[in-house]
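Structure file data-v9.pdb (PDB, C-alpha atoms, pLDDT in the B column) is printed below.
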ATOM      1  CA  MET A   1      -6.530  -4.746   9.688  1.00 47.00           C
ATOM      2  CA  PRO A   2      -9.215  -4.175   7.054  1.00 49.00           C
ATOM      3  CA  LYS A   3     -12.089  -6.622   7.297  1.00 48.00           C
ATOM      4  CA  THR A   4     -14.495  -7.650   4.586  1.00 47.00           C
ATOM      5  CA  GLU A   5     -18.099  -8.120   5.566  1.00 47.00           C
ATOM      6  CA  ILE A   6     -19.522 -11.384   4.270  1.00 46.00           C
ATOM      7  CA  ALA A   7     -22.916 -11.656   5.930  1.00 46.00           C
ATOM      8  CA  LYS A   8     -25.313  -9.338   7.718  1.00 46.00           C
ATOM      9  CA  SER A   9     -28.149  -9.830  10.127  1.00 44.00           C
ATOM     10  CA  SER A  10     -30.170  -7.287  12.036  1.00 46.00           C
ATOM     11  CA  GLU A  11     -28.083  -7.785  15.191  1.00 49.00           C
ATOM     12  CA  THR A  12     -24.572  -8.906  14.227  1.00 50.00           C
ATOM     13  CA  ALA A  13     -22.255  -8.969  11.243  1.00 53.00           C
ATOM     14  CA  VAL A  14     -20.061 -11.973  10.529  1.00 51.00           C
ATOM     15  CA  SER A  15     -16.685 -11.007   9.161  1.00 57.00           C
ATOM     16  CA  ARG A  16     -13.350 -12.554   8.385  1.00 59.00           C
ATOM     17  CA  PRO A  17      -9.947 -11.113   7.558  1.00 58.00           C
ATOM     18  CA  ARG A  18      -9.538 -10.028   3.947  1.00 66.00           C
ATOM     19  CA  ASP A  19      -6.244 -11.903   3.822  1.00 74.00           C
ATOM     20  CA  LEU A  20      -5.730 -14.916   6.074  1.00 77.00           C
ATOM     21  CA  PHE A  21      -1.938 -14.780   5.686  1.00 80.00           C
ATOM     22  CA  ALA A  22      -1.879 -11.114   6.684  1.00 81.00           C
ATOM     23  CA  ALA A  23      -3.825 -12.017   9.838  1.00 82.00           C
ATOM     24  CA  MET A  24      -1.305 -14.766  10.627  1.00 85.00           C
ATOM     25  CA  ARG A  25       1.597 -12.353  10.030  1.00 85.00           C
ATOM     26  CA  ASP A  26      -0.011  -9.771  12.332  1.00 84.00           C
ATOM     27  CA  GLU A  27      -0.337 -12.358  15.080  1.00 85.00           C
ATOM     28  CA  MET A  28       3.308 -13.437  14.694  1.00 87.00           C
ATOM     29  CA  ASP A  29       4.383  -9.770  14.808  1.00 83.00           C
ATOM     30  CA  ARG A  30       2.445  -9.371  18.064  1.00 83.00           C
ATOM     31  CA  VAL A  31       4.098 -12.476  19.564  1.00 80.00           C
ATOM     32  CA  PHE A  32       7.603 -11.246  18.692  1.00 76.00           C
ATOM     33  CA  GLU A  33       6.865  -7.735  19.980  1.00 77.00           C
ATOM     34  CA  ASP A  34       5.618  -9.186  23.282  1.00 72.00           C
ATOM     35  CA  PHE A  35       8.710 -11.385  23.523  1.00 68.00           C
ATOM     36  CA  GLU A  36      10.983  -8.431  22.878  1.00 66.00           C
ATOM     37  CA  ARG A  37       9.202  -6.223  25.411  1.00 65.00           C
ATOM     38  CA  GLU A  38       8.733  -8.754  28.208  1.00 60.00           C
ATOM     39  CA  TRP A  39      11.775 -11.023  28.104  1.00 58.00           C
ATOM     40  CA  PRO A  40      13.524 -10.269  31.433  1.00 55.00           C
ATOM     41  CA  HIS A  41      16.995 -11.479  30.475  1.00 53.00           C
ATOM     42  CA  TRP A  42      17.209  -9.827  27.075  1.00 51.00           C
ATOM     43  CA  PRO A  43      20.530  -7.904  27.252  1.00 50.00           C
ATOM     44  CA  ARG A  44      20.052  -4.211  26.542  1.00 50.00           C
ATOM     45  CA  GLN A  45      23.191  -3.997  24.393  1.00 47.00           C
ATOM     46  CA  TRP A  46      21.800  -6.539  21.915  1.00 48.00           C
ATOM     47  CA  PRO A  47      20.080  -5.099  18.853  1.00 49.00           C
ATOM     48  CA  ARG A  48      16.355  -5.380  18.459  1.00 50.00           C
ATOM     49  CA  LEU A  49      14.981  -8.293  16.478  1.00 48.00           C
ATOM     50  CA  PRO A  50      15.918  -8.115  12.772  1.00 48.00           C
ATOM     51  CA  SER A  51      13.422  -6.362  10.544  1.00 44.00           C
ATOM     52  CA  ALA A  52      12.552  -9.719   8.969  1.00 44.00           C
ATOM     53  CA  PHE A  53      10.354 -10.198  12.055  1.00 45.00           C
ATOM     54  CA  ARG A  54       8.727  -6.794  11.749  1.00 45.00           C
ATOM     55  CA  ARG A  55       6.305  -5.369   9.188  1.00 48.00           C
ATOM     56  CA  THR A  56       8.786  -2.874   7.736  1.00 46.00           C
ATOM     57  CA  THR A  57      10.265  -5.061   5.007  1.00 47.00           C
ATOM     58  CA  ALA A  58      10.207  -4.361   1.284  1.00 46.00           C
ATOM     59  CA  ALA A  59       8.348  -7.629   0.772  1.00 47.00           C
ATOM     60  CA  GLU A  60       5.176  -5.941   2.001  1.00 49.00           C
ATOM     61  CA  LEU A  61       5.278  -3.690  -1.021  1.00 48.00           C
ATOM     62  CA  VAL A  62       4.585  -6.522  -3.454  1.00 58.00           C
ATOM     63  CA  VAL A  63       1.220  -5.072  -4.484  1.00 70.00           C
ATOM     64  CA  PRO A  64       0.585  -1.421  -3.580  1.00 79.00           C
ATOM     65  CA  ASP A  65      -2.982  -0.432  -2.753  1.00 82.00           C
ATOM     66  CA  PHE A  66      -4.801   1.908  -5.138  1.00 85.00           C
ATOM     67  CA  ASP A  67      -7.335   4.554  -4.199  1.00 90.00           C
ATOM     68  CA  VAL A  68      -9.445   5.517  -7.207  1.00 92.00           C
ATOM     69  CA  HIS A  69     -11.568   8.680  -7.221  1.00 92.00           C
ATOM     70  CA  GLU A  70     -13.810   9.795 -10.057  1.00 90.00           C
ATOM     71  CA  ASN A  71     -15.513  13.079 -10.768  1.00 89.00           C
ATOM     72  CA  ALA A  72     -17.280  14.466 -13.835  1.00 85.00           C
ATOM     73  CA  LYS A  73     -14.045  15.418 -15.633  1.00 90.00           C
ATOM     74  CA  SER A  74     -11.398  12.900 -14.546  1.00 93.00           C
ATOM     75  CA  ILE A  75     -10.326   9.799 -12.684  1.00 93.00           C
ATOM     76  CA  MET A  76      -7.555  10.049 -10.072  1.00 95.00           C
ATOM     77  CA  ILE A  77      -5.524   7.011  -9.032  1.00 94.00           C
ATOM     78  CA  GLU A  78      -3.387   7.228  -5.888  1.00 94.00           C
ATOM     79  CA  ALA A  79      -0.803   4.636  -4.886  1.00 91.00           C
ATOM     80  CA  GLU A  80       1.096   4.824  -1.611  1.00 89.00           C
ATOM     81  CA  LEU A  81       4.725   3.804  -2.156  1.00 87.00           C
ATOM     82  CA  PRO A  82       6.528   4.520   1.137  1.00 82.00           C
ATOM     83  CA  GLY A  83      10.303   4.295   0.940  1.00 79.00           C
ATOM     84  CA  VAL A  84      10.329   4.153  -2.868  1.00 85.00           C
ATOM     85  CA  ASP A  85      12.279   6.723  -4.868  1.00 87.00           C
ATOM     86  CA  GLU A  86      10.614   8.431  -7.827  1.00 91.00           C
ATOM     87  CA  LYS A  87      13.424   7.231 -10.127  1.00 91.00           C
ATOM     88  CA  ASP A  88      12.547   3.602  -9.260  1.00 90.00           C
ATOM     89  CA  VAL A  89       8.931   3.900 -10.509  1.00 93.00           C
ATOM     90  CA  SER A  90       7.692   3.564 -14.094  1.00 94.00           C
ATOM     91  CA  ILE A  91       4.191   4.058 -15.486  1.00 95.00           C
ATOM     92  CA  THR A  92       3.041   2.701 -18.849  1.00 94.00           C
ATOM     93  CA  LEU A  93      -0.242   2.725 -20.745  1.00 94.00           C
ATOM     94  CA  SER A  94      -0.932   0.115 -23.402  1.00 92.00           C
ATOM     95  CA  GLY A  95      -4.316  -0.794 -24.831  1.00 89.00           C
ATOM     96  CA  GLY A  96      -6.157   0.926 -22.002  1.00 90.00           C
ATOM     97  CA  LEU A  97      -4.123  -0.907 -19.340  1.00 92.00           C
ATOM     98  CA  LEU A  98      -2.279   1.399 -16.930  1.00 93.00           C
ATOM     99  CA  THR A  99       0.697  -0.372 -15.310  1.00 93.00           C
ATOM    100  CA  ILE A 100       2.797   0.884 -12.412  1.00 93.00           C
ATOM    101  CA  LYS A 101       6.097  -0.911 -11.822  1.00 92.00           C
ATOM    102  CA  GLY A 102       8.788  -0.194  -9.315  1.00 89.00           C
ATOM    103  CA  GLU A 103      11.428  -1.393  -6.941  1.00 87.00           C
ATOM    104  CA  LYS A 104      12.125  -0.687  -3.299  1.00 82.00           C
ATOM    105  CA  LYS A 105      15.694  -0.909  -2.068  1.00 80.00           C
ATOM    106  CA  GLN A 106      16.541  -0.607   1.587  1.00 79.00           C
ATOM    107  CA  GLU A 107      19.832  -0.949   3.431  1.00 83.00           C
ATOM    108  CA  ARG A 108      20.482  -0.692   7.135  1.00 84.00           C
ATOM    109  CA  GLU A 109      23.759  -0.953   8.999  1.00 89.00           C
ATOM    110  CA  GLU A 110      24.117  -0.822  12.757  1.00 88.00           C
ATOM    111  CA  LYS A 111      27.393  -1.058  14.671  1.00 89.00           C
ATOM    112  CA  GLY A 112      27.780  -1.279  18.407  1.00 87.00           C
ATOM    113  CA  GLU A 113      30.368  -2.377  20.918  1.00 88.00           C
ATOM    114  CA  THR A 114      28.994  -5.899  21.040  1.00 88.00           C
ATOM    115  CA  HIS A 115      27.142  -6.270  17.772  1.00 87.00           C
ATOM    116  CA  TYR A 116      27.128  -5.584  14.057  1.00 89.00           C
ATOM    117  CA  LEU A 117      23.933  -5.692  11.995  1.00 86.00           C
ATOM    118  CA  CYS A 118      23.743  -5.251   8.234  1.00 87.00           C
ATOM    119  CA  GLU A 119      20.447  -5.771   6.418  1.00 84.00           C
ATOM    120  CA  ARG A 120      19.535  -5.352   2.786  1.00 81.00           C
ATOM    121  CA  SER A 121      16.092  -5.851   1.370  1.00 76.00           C
ATOM    122  CA  PHE A 122      14.839  -5.494  -2.164  1.00 77.00           C
ATOM    123  CA  GLY A 123      11.340  -5.837  -3.494  1.00 80.00           C
ATOM    124  CA  ALA A 124       9.809  -5.336  -6.903  1.00 84.00           C
ATOM    125  CA  PHE A 125       6.152  -4.587  -7.473  1.00 85.00           C
ATOM    126  CA  GLU A 126       3.783  -4.296 -10.405  1.00 88.00           C
ATOM    127  CA  ARG A 127       0.119  -3.383 -10.483  1.00 89.00           C
ATOM    128  CA  SER A 128      -2.186  -2.825 -13.454  1.00 89.00           C
ATOM    129  CA  LEU A 129      -5.560  -1.170 -13.783  1.00 89.00           C
ATOM    130  CA  ARG A 130      -7.821  -1.167 -16.847  1.00 91.00           C
ATOM    131  CA  LEU A 131      -8.964   2.372 -17.603  1.00 91.00           C
ATOM    132  CA  PRO A 132     -12.465   2.923 -19.012  1.00 90.00           C
ATOM    133  CA  GLU A 133     -12.925   3.870 -22.665  1.00 89.00           C
ATOM    134  CA  THR A 134     -14.122   7.316 -21.562  1.00 88.00           C
ATOM    135  CA  ILE A 135     -10.524   8.298 -20.690  1.00 91.00           C
ATOM    136  CA  ASP A 136      -8.512  10.464 -23.063  1.00 91.00           C
ATOM    137  CA  GLU A 137      -5.250   8.469 -23.184  1.00 91.00           C
ATOM    138  CA  SER A 138      -3.312  11.529 -24.372  1.00 91.00           C
ATOM    139  CA  LYS A 139      -4.233  13.456 -21.207  1.00 93.00           C
ATOM    140  CA  LEU A 140      -2.660  11.575 -18.329  1.00 94.00           C
ATOM    141  CA  ASP A 141      -0.646  13.355 -15.660  1.00 95.00           C
ATOM    142  CA  ALA A 142       1.501  11.687 -12.968  1.00 96.00           C
ATOM    143  CA  ARG A 143       2.997  13.313  -9.889  1.00 96.00           C
ATOM    144  CA  PHE A 144       5.081  11.766  -7.117  1.00 94.00           C
ATOM    145  CA  ASP A 145       5.253  13.532  -3.759  1.00 92.00           C
ATOM    146  CA  LYS A 146       6.381  12.186  -0.362  1.00 88.00           C
ATOM    147  CA  GLY A 147       5.858   8.528  -1.276  1.00 88.00           C
ATOM    148  CA  VAL A 148       2.436   9.016  -2.892  1.00 92.00           C
ATOM    149  CA  LEU A 149       1.975   8.596  -6.634  1.00 94.00           C
ATOM    150  CA  ARG A 150      -1.038  10.466  -8.083  1.00 96.00           C
ATOM    151  CA  ILE A 151      -2.155   9.824 -11.648  1.00 96.00           C
ATOM    152  CA  THR A 152      -4.906  11.975 -13.112  1.00 96.00           C
ATOM    153  CA  ALA A 153      -6.656  10.712 -16.250  1.00 94.00           C
ATOM    154  CA  ALA A 154      -8.884  13.265 -17.983  1.00 93.00           C
ATOM    155  CA  LYS A 155     -12.122  12.068 -19.550  1.00 91.00           C
ATOM    156  CA  LYS A 156     -12.880  12.610 -23.243  1.00 89.00           C
ATOM    157  CA  PRO A 157     -14.995  15.724 -23.887  1.00 84.00           C
ATOM    158  CA  GLU A 158     -17.915  13.636 -25.167  1.00 82.00           C
ATOM    159  CA  ALA A 159     -17.817  11.611 -21.933  1.00 76.00           C
ATOM    160  CA  VAL A 160     -18.226  14.762 -19.847  1.00 73.00           C
ATOM    161  CA  LYS A 161     -21.966  15.254 -20.227  1.00 72.00           C
ATOM    162  CA  ALA A 162     -23.645  18.493 -19.330  1.00 64.00           C
ATOM    163  CA  GLU A 163     -25.951  18.159 -16.368  1.00 67.00           C
ATOM    164  CA  ARG A 164     -29.582  18.882 -17.132  1.00 75.00           C
ATOM    165  CA  LYS A 165     -32.230  19.560 -14.535  1.00 81.00           C
ATOM    166  CA  ILE A 166     -35.509  17.777 -15.152  1.00 87.00           C
ATOM    167  CA  GLU A 167     -38.675  19.512 -14.041  1.00 90.00           C
ATOM    168  CA  ILE A 168     -41.069  17.518 -11.880  1.00 92.00           C
ATOM    169  CA  LYS A 169     -44.686  18.000 -12.950  1.00 91.00           C
ATOM    170  CA  LYS A 170     -47.768  17.460 -10.835  1.00 89.00           C
ATOM    171  CA  ALA A 171     -49.789  14.437 -11.715  1.00 80.00           C
TER     172      ALA A 171
END
Written as structure tokens, how would this file's structure read?
Amino acid sequence: MPKTEIAKSSETAVSRPRDLFAAMRDEMDRVFEDFEREWPHWPRQWPRLPSAFRRTTAAELVVPDFDVHENAKSIMIEAELPGVDEKDVSITLSGGLLTIKGEKKQEREEKGETHYLCERSFGAFERSLRLPETIDESKLDARFDKGVLRITAAKKPEAVKAERKIEIKKA
């Protein structure tokens, strides 16, 4: 789990989880996984615990993480959207605010001699990011490949400054 550093000393760093609820959920996941693995009387023909007890639900997709990279000519925004179809994602730009909306739909059906399991999960997400004024709003490109959305925003020509080497003189 990602940790956020909150204090530093020369010998040790004090840290705490970025999200307390995520830490609690991780611990509960570990408890259920241990129970499932170690319970001696758990009949083998029974299905595994429902996905509501695992971290593979659509509810985790409420706010996708963004990776933002900038170079001299553009800004690239990447959002990982595993299990989401391209047709279920929309991107809008209004007043410099880039918004990504989408929906994840998942269905699972499992039939066995002694059990029947049918699960459906749905989750909607929305995330916005204010783009800097140096972006040319008419030059945005979005591509979706294997669950990763990549948006490239080109900078305005006047924002792309030519690099100039400055000579260092002896004093």
Distance query Val68 in chain A at most 12 Å, only C-alpha atoms, self and fewer than 3 positions along chain excluded, as a CSV table (one decimal) with C-alpha atoms, in the coordinates of the input:
chain,number,residue,atom,x,y,z
A,65,ASP,CA,-3.0,-0.4,-2.8
A,71,ASN,CA,-15.5,13.1,-10.8
A,74,SER,CA,-11.4,12.9,-14.5
A,75,ILE,CA,-10.3,9.8,-12.7
A,76,MET,CA,-7.6,10.0,-10.1
A,77,ILE,CA,-5.5,7.0,-9.0
A,78,GLU,CA,-3.4,7.2,-5.9
A,79,ALA,CA,-0.8,4.6,-4.9
A,80,GLU,CA,1.1,4.8,-1.6
A,129,LEU,CA,-5.6,-1.2,-13.8
A,130,ARG,CA,-7.8,-1.2,-16.8
A,131,LEU,CA,-9.0,2.4,-17.6
A,149,LEU,CA,2.0,8.6,-6.6
A,150,ARG,CA,-1.0,10.5,-8.1
A,151,ILE,CA,-2.2,9.8,-11.6
A,152,THR,CA,-4.9,12.0,-13.1
A,153,ALA,CA,-6.7,10.7,-16.2
Picked residues, the PyMOL selection byres ((chain A and resi 154-164) around 8), as a JSON list (two decimals) with C-alpha atoms, in the frame of the given file:
[["chain", "number", "residue", "atom", "x", "y", "z"],
["A", 72, "ALA", "CA", -17.28, 14.47, -13.84],
["A", 73, "LYS", "CA", -14.04, 15.42, -15.63],
["A", 74, "SER", "CA", -11.40, 12.90, -14.55],
["A", 75, "ILE", "CA", -10.33, 9.80, -12.68],
["A", 134, "THR", "CA", -14.12, 7.32, -21.56],
["A", 135, "ILE", "CA", -10.52, 8.30, -20.69],
["A", 136, "ASP", "CA", -8.51, 10.46, -23.06],
["A", 137, "GLU", "CA", -5.25, 8.47, -23.18],
["A", 139, "LYS", "CA", -4.23, 13.46, -21.21],
["A", 140, "LEU", "CA", -2.66, 11.58, -18.33],
["A", 152, "THR", "CA", -4.91, 11.98, -13.11],
["A", 153, "ALA", "CA", -6.66, 10.71, -16.25],
["A", 165, "LYS", "CA", -32.23, 19.56, -14.54],
["A", 166, "ILE", "CA", -35.51, 17.78, -15.15]]
Check: What gap, in Å, lies between CA of Phe122 in chain A and CA of Asp26 in chain A?
Finding: 21.2 Å
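Every polymer residue reaching to within 6 Å of (21.0, -5.8, 7.5), counting all atoms listed in the file, appears in this list: Arg108, Glu109, Leu117, Cys118, Glu119 and Arg120 of chain A.
Note that the spacing between CA of Lys105 in chain A and CA of Asp85 in chain A amounts to 8.8 Å.
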I need the residue set behind the PyMOL selection byres ((chain A and resi 88) around 8) for this file; please write it as a tab-separated table (two decimals) with C-alpha atoms, in the frame of the given file.
chain	number	residue	atom	x	y	z
A	84	VAL	CA	10.33	4.15	-2.87
A	85	ASP	CA	12.28	6.72	-4.87
A	86	GLU	CA	10.61	8.43	-7.83
A	87	LYS	CA	13.42	7.23	-10.13
A	89	VAL	CA	8.93	3.90	-10.51
A	90	SER	CA	7.69	3.56	-14.09
A	102	GLY	CA	8.79	-0.19	-9.32
A	103	GLU	CA	11.43	-1.39	-6.94
A	104	LYS	CA	12.12	-0.69	-3.30
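Note that CA of Phe21 in chain A and CA of Glu33 in chain A are 18.2 Å apart.
Closest to Ala124 in chain A among A:Lys111, A:Arg143, A:Arg25, A:Lys101 is A:Lys101, based on all atoms listed in the file.
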Item checked: Option closest in space to Ile91 in chain A, from A:Asp34, A:Asp19, A:Asp29, A:Asp141 [counting only C-alpha atoms] -> A:Asp141
Assuming the input is short of atoms at range 67-91 of chain A, produce N, CA, C and O atoms for that part as a PDB file, keeping the file's coordinate frame.
ATOM      1  N   ASP A  67      -6.100   3.836  -4.500  1.00 90.00           N
ATOM      2  CA  ASP A  67      -7.335   4.554  -4.199  1.00 90.00           C
ATOM      3  C   ASP A  67      -7.742   5.209  -5.503  1.00 90.00           C
ATOM      4  O   ASP A  67      -6.940   5.917  -6.115  1.00 90.00           O
ATOM      5  N   VAL A  68      -8.973   4.969  -5.941  1.00 92.00           N
ATOM      6  CA  VAL A  68      -9.445   5.517  -7.207  1.00 92.00           C
ATOM      7  C   VAL A  68     -10.628   6.439  -6.913  1.00 92.00           C
ATOM      8  O   VAL A  68     -11.581   6.049  -6.245  1.00 92.00           O
ATOM      9  N   HIS A  69     -10.523   7.677  -7.401  1.00 92.00           N
ATOM     10  CA  HIS A  69     -11.568   8.680  -7.221  1.00 92.00           C
ATOM     11  C   HIS A  69     -11.996   9.158  -8.599  1.00 92.00           C
ATOM     12  O   HIS A  69     -11.157   9.375  -9.469  1.00 92.00           O
ATOM     13  N   GLU A  70     -13.307   9.334  -8.770  1.00 90.00           N
ATOM     14  CA  GLU A  70     -13.810   9.795 -10.057  1.00 90.00           C
ATOM     15  C   GLU A  70     -14.711  10.997  -9.843  1.00 90.00           C
ATOM     16  O   GLU A  70     -15.488  11.049  -8.893  1.00 90.00           O
ATOM     17  N   ASN A  71     -14.568  11.964 -10.746  1.00 89.00           N
ATOM     18  CA  ASN A  71     -15.513  13.079 -10.768  1.00 89.00           C
ATOM     19  C   ASN A  71     -15.990  13.233 -12.209  1.00 89.00           C
ATOM     20  O   ASN A  71     -15.686  12.404 -13.064  1.00 89.00           O
ATOM     21  N   ALA A  72     -16.698  14.291 -12.506  1.00 85.00           N
ATOM     22  CA  ALA A  72     -17.280  14.466 -13.835  1.00 85.00           C
ATOM     23  C   ALA A  72     -16.234  14.608 -14.938  1.00 85.00           C
ATOM     24  O   ALA A  72     -16.473  14.223 -16.073  1.00 85.00           O
ATOM     25  N   LYS A  73     -15.040  15.126 -14.603  1.00 90.00           N
ATOM     26  CA  LYS A  73     -14.045  15.418 -15.633  1.00 90.00           C
ATOM     27  C   LYS A  73     -12.847  14.473 -15.665  1.00 90.00           C
ATOM     28  O   LYS A  73     -12.131  14.438 -16.664  1.00 90.00           O
ATOM     29  N   SER A  74     -12.605  13.732 -14.572  1.00 93.00           N
ATOM     30  CA  SER A  74     -11.398  12.900 -14.546  1.00 93.00           C
ATOM     31  C   SER A  74     -11.501  11.756 -13.553  1.00 93.00           C
ATOM     32  O   SER A  74     -12.432  11.690 -12.749  1.00 93.00           O
ATOM     33  N   ILE A  75     -10.504  10.889 -13.647  1.00 93.00           N
ATOM     34  CA  ILE A  75     -10.326   9.799 -12.684  1.00 93.00           C
ATOM     35  C   ILE A  75      -8.941  10.000 -12.076  1.00 93.00           C
ATOM     36  O   ILE A  75      -7.975  10.233 -12.798  1.00 93.00           O
ATOM     37  N   MET A  76      -8.850   9.922 -10.739  1.00 95.00           N
ATOM     38  CA  MET A  76      -7.555  10.049 -10.072  1.00 95.00           C
ATOM     39  C   MET A  76      -7.224   8.723  -9.389  1.00 95.00           C
ATOM     40  O   MET A  76      -8.054   8.160  -8.680  1.00 95.00           O
ATOM     41  N   ILE A  77      -6.014   8.245  -9.633  1.00 94.00           N
ATOM     42  CA  ILE A  77      -5.524   7.011  -9.032  1.00 94.00           C
ATOM     43  C   ILE A  77      -4.380   7.389  -8.099  1.00 94.00           C
ATOM     44  O   ILE A  77      -3.449   8.078  -8.521  1.00 94.00           O
ATOM     45  N   GLU A  78      -4.452   6.971  -6.852  1.00 94.00           N
ATOM     46  CA  GLU A  78      -3.387   7.228  -5.888  1.00 94.00           C
ATOM     47  C   GLU A  78      -2.818   5.894  -5.421  1.00 94.00           C
ATOM     48  O   GLU A  78      -3.564   4.969  -5.120  1.00 94.00           O
ATOM     49  N   ALA A  79      -1.495   5.827  -5.386  1.00 91.00           N
ATOM     50  CA  ALA A  79      -0.803   4.636  -4.886  1.00 91.00           C
ATOM     51  C   ALA A  79       0.208   5.083  -3.851  1.00 91.00           C
ATOM     52  O   ALA A  79       1.033   5.950  -4.124  1.00 91.00           O
ATOM     53  N   GLU A  80       0.127   4.507  -2.651  1.00 89.00           N
ATOM     54  CA  GLU A  80       1.096   4.824  -1.611  1.00 89.00           C
ATOM     55  C   GLU A  80       2.300   3.916  -1.792  1.00 89.00           C
ATOM     56  O   GLU A  80       2.177   2.696  -1.813  1.00 89.00           O
ATOM     57  N   LEU A  81       3.473   4.535  -1.933  1.00 87.00           N
ATOM     58  CA  LEU A  81       4.725   3.804  -2.156  1.00 87.00           C
ATOM     59  C   LEU A  81       5.783   4.285  -1.157  1.00 87.00           C
ATOM     60  O   LEU A  81       6.775   4.888  -1.545  1.00 87.00           O
ATOM     61  N   PRO A  82       5.584   4.012   0.142  1.00 82.00           N
ATOM     62  CA  PRO A  82       6.528   4.520   1.137  1.00 82.00           C
ATOM     63  C   PRO A  82       7.920   3.919   0.947  1.00 82.00           C
ATOM     64  O   PRO A  82       8.062   2.718   0.686  1.00 82.00           O
ATOM     65  N   GLY A  83       8.927   4.765   1.044  1.00 79.00           N
ATOM     66  CA  GLY A  83      10.303   4.295   0.940  1.00 79.00           C
ATOM     67  C   GLY A  83      10.786   4.056  -0.475  1.00 79.00           C
ATOM     68  O   GLY A  83      11.903   3.604  -0.684  1.00 79.00           O
ATOM     69  N   VAL A  84       9.958   4.353  -1.465  1.00 85.00           N
ATOM     70  CA  VAL A  84      10.329   4.153  -2.868  1.00 85.00           C
ATOM     71  C   VAL A  84      10.742   5.492  -3.454  1.00 85.00           C
ATOM     72  O   VAL A  84      10.090   6.512  -3.238  1.00 85.00           O
ATOM     73  N   ASP A  85      11.836   5.502  -4.198  1.00 87.00           N
ATOM     74  CA  ASP A  85      12.279   6.723  -4.868  1.00 87.00           C
ATOM     75  C   ASP A  85      11.546   6.882  -6.197  1.00 87.00           C
ATOM     76  O   ASP A  85      11.255   5.891  -6.881  1.00 87.00           O
ATOM     77  N   GLU A  86      11.302   8.123  -6.576  1.00 91.00           N
ATOM     78  CA  GLU A  86      10.614   8.431  -7.827  1.00 91.00           C
ATOM     79  C   GLU A  86      11.316   7.807  -9.024  1.00 91.00           C
ATOM     80  O   GLU A  86      10.682   7.305  -9.948  1.00 91.00           O
ATOM     81  N   LYS A  87      12.648   7.780  -9.006  1.00 91.00           N
ATOM     82  CA  LYS A  87      13.424   7.231 -10.127  1.00 91.00           C
ATOM     83  C   LYS A  87      13.255   5.720 -10.260  1.00 91.00           C
ATOM     84  O   LYS A  87      13.551   5.156 -11.309  1.00 91.00           O
ATOM     85  N   ASP A  88      12.734   5.051  -9.229  1.00 90.00           N
ATOM     86  CA  ASP A  88      12.547   3.602  -9.260  1.00 90.00           C
ATOM     87  C   ASP A  88      11.125   3.198  -9.641  1.00 90.00           C
ATOM     88  O   ASP A  88      10.729   2.045  -9.478  1.00 90.00           O
ATOM     89  N   VAL A  89      10.321   4.167 -10.127  1.00 93.00           N
ATOM     90  CA  VAL A  89       8.931   3.900 -10.509  1.00 93.00           C
ATOM     91  C   VAL A  89       8.755   4.188 -11.989  1.00 93.00           C
ATOM     92  O   VAL A  89       9.271   5.180 -12.499  1.00 93.00           O
ATOM     93  N   SER A  90       8.041   3.305 -12.696  1.00 94.00           N
ATOM     94  CA  SER A  90       7.692   3.564 -14.094  1.00 94.00           C
ATOM     95  C   SER A  90       6.201   3.341 -14.286  1.00 94.00           C
ATOM     96  O   SER A  90       5.600   2.473 -13.654  1.00 94.00           O
ATOM     97  N   ILE A  91       5.621   4.141 -15.181  1.00 95.00           N
ATOM     98  CA  ILE A  91       4.191   4.058 -15.486  1.00 95.00           C
ATOM     99  C   ILE A  91       4.056   3.901 -16.989  1.00 95.00           C
ATOM    100  O   ILE A  91       4.648   4.664 -17.754  1.00 95.00           O
TER     101      ILE A  91
END
